[in-house]
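Asker: Input: one structure, supplied below.
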Amino acid sequence: MVDDLTNELIRFISSFTSWESSVVRSGDLTVSEVHAMEILGQCGEINMKNLAQRLGVTTGTTTVTVDRLERKDYARRNHNREDRRVYLISLTDKGIKAFKEHHKFHLELTNQILSTISEEEASQLLVILQKINNEIL
């Protein structure tokens, strides 16, 4: 059972990574930039530390990603009013548009997945993924 599950997880991750790379390749963004934009699009304004935590990378890596998003006019840094040492990152209008376009692909993939399973299985999958994300990722 463990080997079968491992093989299916690897197969899913490989397929998802390939799918996402093909979607991203059509634009001027990298996968890491799109992942950051996905979080910014869902959260609105967020500080660098929280963005890094949500991405599962260091703040140094996140800084590089945000620098590139700023140069491409997808994101901007704003000083936090309460603490001027902290920057809040948000999407520009161009970034919001790109986020919505990319998020649409995620929704389409989710709908494809949901079309292959029952409503009860979808509910179970959601609970299982939430448990995994909260406990080990």
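How things are named: the first chain in the structure tokens is A, the next is B, and so on; residues count from 1 in each chain; ligands count from 1 in the order shown.
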When DSSP works through the backbone of this structure, what residues of stretch 15-137 of chain A end up as alpha helix (DSSP H), shown as a PyMOL selection string?
Answerer: chain A and resi 15-25+31-43+48-55+59-71+93-114+119-135
Asker: Would you mind exporting the chosen residues as a PDB file, in the first residue's frame, restricted to C-alpha atoms?
Answerer:
ATOM      1  CA  SER A  15       1.907  15.635 -13.829  1.00  0.00           C
ATOM      2  CA  PHE A  16       0.888  18.736 -11.893  1.00  0.00           C
ATOM      3  CA  THR A  17       4.368  20.248 -12.154  1.00  0.00           C
ATOM      4  CA  SER A  18       4.450  19.585 -15.890  1.00  0.00           C
ATOM      5  CA  TRP A  19       0.953  21.042 -16.324  1.00  0.00           C
ATOM      6  CA  GLU A  20       1.799  24.154 -14.326  1.00  0.00           C
ATOM      7  CA  SER A  21       5.085  24.684 -16.170  1.00  0.00           C
ATOM      8  CA  SER A  22       3.271  24.522 -19.500  1.00  0.00           C
ATOM      9  CA  VAL A  23       0.716  27.099 -18.323  1.00  0.00           C
ATOM     10  CA  VAL A  24       3.389  29.445 -16.942  1.00  0.00           C
ATOM     11  CA  ARG A  25       5.702  29.048 -19.950  1.00  0.00           C
ATOM     12  CA  VAL A  31       6.712  29.258 -11.547  1.00  0.00           C
ATOM     13  CA  SER A  32       8.015  30.785  -8.296  1.00  0.00           C
ATOM     14  CA  GLU A  33       6.723  34.210  -9.339  1.00  0.00           C
ATOM     15  CA  VAL A  34       3.311  32.751 -10.144  1.00  0.00           C
ATOM     16  CA  HIS A  35       3.211  30.961  -6.769  1.00  0.00           C
ATOM     17  CA  ALA A  36       3.935  34.261  -5.005  1.00  0.00           C
ATOM     18  CA  MET A  37       1.274  36.011  -7.073  1.00  0.00           C
ATOM     19  CA  GLU A  38      -1.245  33.284  -6.199  1.00  0.00           C
ATOM     20  CA  ILE A  39      -0.739  33.999  -2.496  1.00  0.00           C
ATOM     21  CA  LEU A  40      -0.783  37.772  -3.011  1.00  0.00           C
ATOM     22  CA  GLY A  41      -3.945  37.463  -5.082  1.00  0.00           C
ATOM     23  CA  GLN A  42      -5.678  35.518  -2.307  1.00  0.00           C
ATOM     24  CA  CYS A  43      -4.354  37.565   0.649  1.00  0.00           C
ATOM     25  CA  MET A  48       7.554  39.512   3.366  1.00  0.00           C
ATOM     26  CA  LYS A  49       7.855  37.131   6.328  1.00  0.00           C
ATOM     27  CA  ASN A  50       4.302  35.793   5.939  1.00  0.00           C
ATOM     28  CA  LEU A  51       4.696  35.501   2.178  1.00  0.00           C
ATOM     29  CA  ALA A  52       7.898  33.496   2.659  1.00  0.00           C
ATOM     30  CA  GLN A  53       6.184  31.213   5.193  1.00  0.00           C
ATOM     31  CA  ARG A  54       3.257  30.569   2.868  1.00  0.00           C
ATOM     32  CA  LEU A  55       5.659  29.818   0.013  1.00  0.00           C
ATOM     33  CA  THR A  59      12.707  35.552   3.186  1.00  0.00           C
ATOM     34  CA  GLY A  60      15.868  35.969   1.089  1.00  0.00           C
ATOM     35  CA  THR A  61      14.402  33.802  -1.672  1.00  0.00           C
ATOM     36  CA  THR A  62      11.113  35.664  -1.402  1.00  0.00           C
ATOM     37  CA  THR A  63      12.904  39.006  -1.666  1.00  0.00           C
ATOM     38  CA  VAL A  64      14.451  37.930  -4.974  1.00  0.00           C
ATOM     39  CA  THR A  65      11.039  36.822  -6.264  1.00  0.00           C
ATOM     40  CA  VAL A  66       9.349  40.063  -5.180  1.00  0.00           C
ATOM     41  CA  ASP A  67      12.189  42.097  -6.723  1.00  0.00           C
ATOM     42  CA  ARG A  68      11.526  40.397 -10.071  1.00  0.00           C
ATOM     43  CA  LEU A  69       7.759  40.892  -9.743  1.00  0.00           C
ATOM     44  CA  GLU A  70       8.348  44.594  -9.041  1.00  0.00           C
ATOM     45  CA  ARG A  71      10.654  44.995 -12.056  1.00  0.00           C
ATOM     46  CA  ASP A  93      -3.345  46.115 -11.575  1.00  0.00           C
ATOM     47  CA  LYS A  94      -1.177  44.158 -14.027  1.00  0.00           C
ATOM     48  CA  GLY A  95      -0.484  41.607 -11.272  1.00  0.00           C
ATOM     49  CA  ILE A  96      -4.167  41.251 -10.396  1.00  0.00           C
ATOM     50  CA  LYS A  97      -4.986  40.590 -14.045  1.00  0.00           C
ATOM     51  CA  ALA A  98      -2.225  37.952 -14.318  1.00  0.00           C
ATOM     52  CA  PHE A  99      -3.318  36.366 -11.022  1.00  0.00           C
ATOM     53  CA  LYS A 100      -6.910  36.059 -12.233  1.00  0.00           C
ATOM     54  CA  GLU A 101      -5.801  34.491 -15.520  1.00  0.00           C
ATOM     55  CA  HIS A 102      -3.548  31.947 -13.789  1.00  0.00           C
ATOM     56  CA  HIS A 103      -6.082  31.237 -11.037  1.00  0.00           C
ATOM     57  CA  LYS A 104      -8.617  30.423 -13.745  1.00  0.00           C
ATOM     58  CA  PHE A 105      -6.331  27.563 -14.861  1.00  0.00           C
ATOM     59  CA  HIS A 106      -6.195  26.252 -11.280  1.00  0.00           C
ATOM     60  CA  LEU A 107      -9.988  26.343 -11.064  1.00  0.00           C
ATOM     61  CA  GLU A 108     -10.265  24.476 -14.372  1.00  0.00           C
ATOM     62  CA  LEU A 109      -7.878  21.785 -13.109  1.00  0.00           C
ATOM     63  CA  THR A 110      -9.836  21.505  -9.856  1.00  0.00           C
ATOM     64  CA  ASN A 111     -13.056  21.103 -11.839  1.00  0.00           C
ATOM     65  CA  GLN A 112     -11.416  18.392 -13.964  1.00  0.00           C
ATOM     66  CA  ILE A 113     -10.394  16.550 -10.805  1.00  0.00           C
ATOM     67  CA  LEU A 114     -13.852  16.961  -9.284  1.00  0.00           C
ATOM     68  CA  GLU A 119     -19.247  14.640  -4.073  1.00  0.00           C
ATOM     69  CA  GLU A 120     -18.520  12.498  -1.016  1.00  0.00           C
ATOM     70  CA  GLU A 121     -15.032  11.684  -2.312  1.00  0.00           C
ATOM     71  CA  ALA A 122     -14.460  15.401  -2.989  1.00  0.00           C
ATOM     72  CA  SER A 123     -15.394  16.197   0.616  1.00  0.00           C
ATOM     73  CA  GLN A 124     -13.047  13.481   1.854  1.00  0.00           C
ATOM     74  CA  LEU A 125     -10.257  14.723  -0.397  1.00  0.00           C
ATOM     75  CA  LEU A 126     -10.656  18.254   0.970  1.00  0.00           C
ATOM     76  CA  VAL A 127     -10.458  17.023   4.573  1.00  0.00           C
ATOM     77  CA  ILE A 128      -7.427  14.857   3.791  1.00  0.00           C
ATOM     78  CA  LEU A 129      -5.572  17.652   1.978  1.00  0.00           C
ATOM     79  CA  GLN A 130      -6.324  20.110   4.801  1.00  0.00           C
ATOM     80  CA  LYS A 131      -5.022  17.611   7.338  1.00  0.00           C
ATOM     81  CA  ILE A 132      -1.832  17.021   5.341  1.00  0.00           C
ATOM     82  CA  ASN A 133      -1.255  20.742   4.775  1.00  0.00           C
ATOM     83  CA  ASN A 134      -1.828  21.568   8.446  1.00  0.00           C
ATOM     84  CA  GLU A 135       0.240  18.726   9.861  1.00  0.00           C
TER      85      GLU A 135
END
Asker: DSSP on the backbone, then: every residue of stretch 33-100 of chain A marked strand (DSSP E), written as an MDAnalysis selection string.
Answerer: chainID A and resid 46:47 75:79 87:91
Asker: Rounded to one decimal place, report the atom CA of A:Asn47-atom CA of A:Gly27 distance in Å.
Answerer: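 Straight-line distance from atom CA of A:Asn47 to atom CA of A:Gly27 works out to 25.8 Å.
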Asker: Nearest to A:Ile89: which of A:Phe12, A:Ala75, A:Leu29, A:Asp4 is it, counting only C-alpha atoms?
Answerer: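 Closest candidate: A:Ala75.
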Asker: Could you give me, as a ChimeraX atom specification, the residues within 8 Å of A:Thr92, counting only C-alpha atoms and dropping anything in the same chain fewer than 6 positions from it?
Answerer: /A:73-76
Asker: Would you mind exporting N, CA and C atoms of the selected residues as a PDB file, in the first residue's frame?
Answerer:
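Written file, part08.pdb:
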ATOM      1  N   ASP A  73       6.505  44.889 -12.982  1.00  0.00           N
ATOM      2  CA  ASP A  73       5.293  45.657 -12.659  1.00  0.00           C
ATOM      3  C   ASP A  73       4.099  44.766 -12.307  1.00  0.00           C
ATOM      4  N   TYR A  74       4.359  43.627 -11.648  1.00  0.00           N
ATOM      5  CA  TYR A  74       3.279  42.765 -11.172  1.00  0.00           C
ATOM      6  C   TYR A  74       2.986  42.982  -9.688  1.00  0.00           C
ATOM      7  N   ALA A  75       3.966  43.485  -8.935  1.00  0.00           N
ATOM      8  CA  ALA A  75       3.796  43.677  -7.502  1.00  0.00           C
ATOM      9  C   ALA A  75       4.488  44.958  -7.072  1.00  0.00           C
ATOM     10  N   ARG A  76       4.139  45.399  -5.870  1.00  0.00           N
ATOM     11  CA  ARG A  76       4.787  46.590  -5.309  1.00  0.00           C
ATOM     12  C   ARG A  76       4.941  46.393  -3.804  1.00  0.00           C
TER      13      ARG A  76
END
Asker: Distance atom CA of A:Leu91-atom CA of A:Ile46, one decimal place?
Answerer: 10.1 Å
